[in-house]
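Novice: This is the structure I have questions about; it appears just below.
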Amino acid sequence: MAQRDINAALASQVRSLLLSTPSAELPMTYQQVAIALGLTPPRTIQRVAKALEQLMEEDVAAGQPMIAALVVSRRGDHLPAAGFFEQAVALGRFPADAQQHQALYVIERDRALNNRH
C-alpha cells in the first residue's frame with residue numbers, strides 16, 4: 001500500500017473517531033487519538049499529526065469547520081500543537097498574526113464540536 005493511501009486511511013480513521021467520541025470527552029490529546037486507534041511506535045504522534053493536517057485540508061476545501069481542532073496537545077493549555085496553527089495559516093483559515101490564533105482556535109473548536117453529525 002502506498003504511503004499516501006496509508007495516510008488517507010489513517011485520516012479517515014481519525015475523522016471517524018472524532019465524530020463518534022462523546023462531546024464530553026473532547027477535545028482529545030494526540031496521544032489519546034493514537035491509543036484509541038491502536039497505533040504503535042515509532043512516530044505515533046507524528047502520524048496522528050499528518051492525518052490531522054490532511055483532515056484540515058479536506059475540511060477547508062469543503063468549507064467545513066476543521067475537525068482537527070478537536071485534538072490538543074497534552075501540555076495543559078488545551079491548545080493544539082504549533083503545527084495546527086501553521087497549517088491553519090497556510091490554508092488561509094487563520095491570519096498570520098499569532099496574537100489572534102487562540103481566540104480563533106476556540107471559535108473553530110466550538111464550530112467543529114457543533115458540526116459533528
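Identifiers in this document derive from the order of the C-alpha cells: chains are assigned A, B, ..., residues are numbered from 1 separately in each chain, and ligands are numbered from 1 in order of occurrence.
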As a PyMOL selection string, which residues of range 8-110 of chain A does DSSP assign to helix (DSSP H, G or I)?

Specialist: chain A and resi 8-20+23-25+30-36+44-61+67-70+82-90+98-110

Novice: For range 26-37 of chain A, list every protein, DNA or RNA residue within 6 Å, evaluated using only C-alpha atoms, and leave out those in the same chain fewer than 3 positions away; present the list as an MDAnalysis selection string.

Specialist: chainID A and resid 23 70:74

Novice: Restrict the selected residues to all heavy atoms and save them as a tab-separated table (two decimals), in the first residue's frame.

Specialist:
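Contents of the output file out14.tsv:
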chain	number	residue	atom	x	y	z
A	23	SER	N	-19.16	14.19	23.06
A	23	SER	CA	-18.69	15.57	23.20
A	23	SER	C	-18.00	15.83	24.53
A	23	SER	O	-17.04	16.59	24.59
A	23	SER	CB	-19.87	16.55	23.04
A	23	SER	OG	-20.38	16.47	21.73
A	70	LEU	N	-10.38	19.43	17.33
A	70	LEU	CA	-10.81	18.63	18.48
A	70	LEU	C	-9.68	17.79	19.06
A	70	LEU	O	-9.91	16.94	19.92
A	70	LEU	CB	-11.98	17.73	18.07
A	70	LEU	CG	-13.21	18.48	17.54
A	70	LEU	CD1	-14.30	17.49	17.16
A	70	LEU	CD2	-13.71	19.50	18.54
A	71	VAL	N	-8.45	18.05	18.61
A	71	VAL	CA	-7.27	17.35	19.13
A	71	VAL	C	-6.29	18.40	19.64
A	71	VAL	O	-5.96	19.35	18.93
A	71	VAL	CB	-6.63	16.46	18.05
A	71	VAL	CG1	-5.43	15.71	18.63
A	71	VAL	CG2	-7.65	15.48	17.49
A	72	VAL	N	-5.85	18.21	20.88
A	72	VAL	CA	-4.98	19.19	21.53
A	72	VAL	C	-3.72	18.53	22.07
A	72	VAL	O	-3.65	17.31	22.23
A	72	VAL	CB	-5.70	19.93	22.68
A	72	VAL	CG1	-6.89	20.73	22.15
A	72	VAL	CG2	-6.15	18.96	23.76
A	73	SER	N	-2.76	19.37	22.38
A	73	SER	CA	-1.52	18.92	23.00
A	73	SER	C	-1.79	18.57	24.46
A	73	SER	O	-2.69	19.12	25.09
A	73	SER	CB	-0.48	20.03	22.90
A	73	SER	OG	0.65	19.70	23.64
A	74	ARG	N	-1.00	17.69	25.00
A	74	ARG	CA	-1.16	17.34	26.42
A	74	ARG	C	-0.42	18.31	27.33
A	74	ARG	O	-0.36	18.10	28.54
A	74	ARG	CB	-0.72	15.91	26.68
A	74	ARG	CG	0.74	15.67	26.47
A	74	ARG	CD	1.09	14.24	26.76
A	74	ARG	NE	2.52	14.06	26.62
A	74	ARG	CZ	3.15	12.97	26.90
A	74	ARG	NH1	2.49	11.93	27.35
A	74	ARG	NH2	4.45	12.88	26.74

Novice: Using only C-alpha atoms, which residue out of A:Ala103, A:Gln13, A:Glu25, A:Gly63 lies closest to Arg47 in chain A?

Specialist: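 Closest to Arg47 in chain A of all the choices is A:Gln13.
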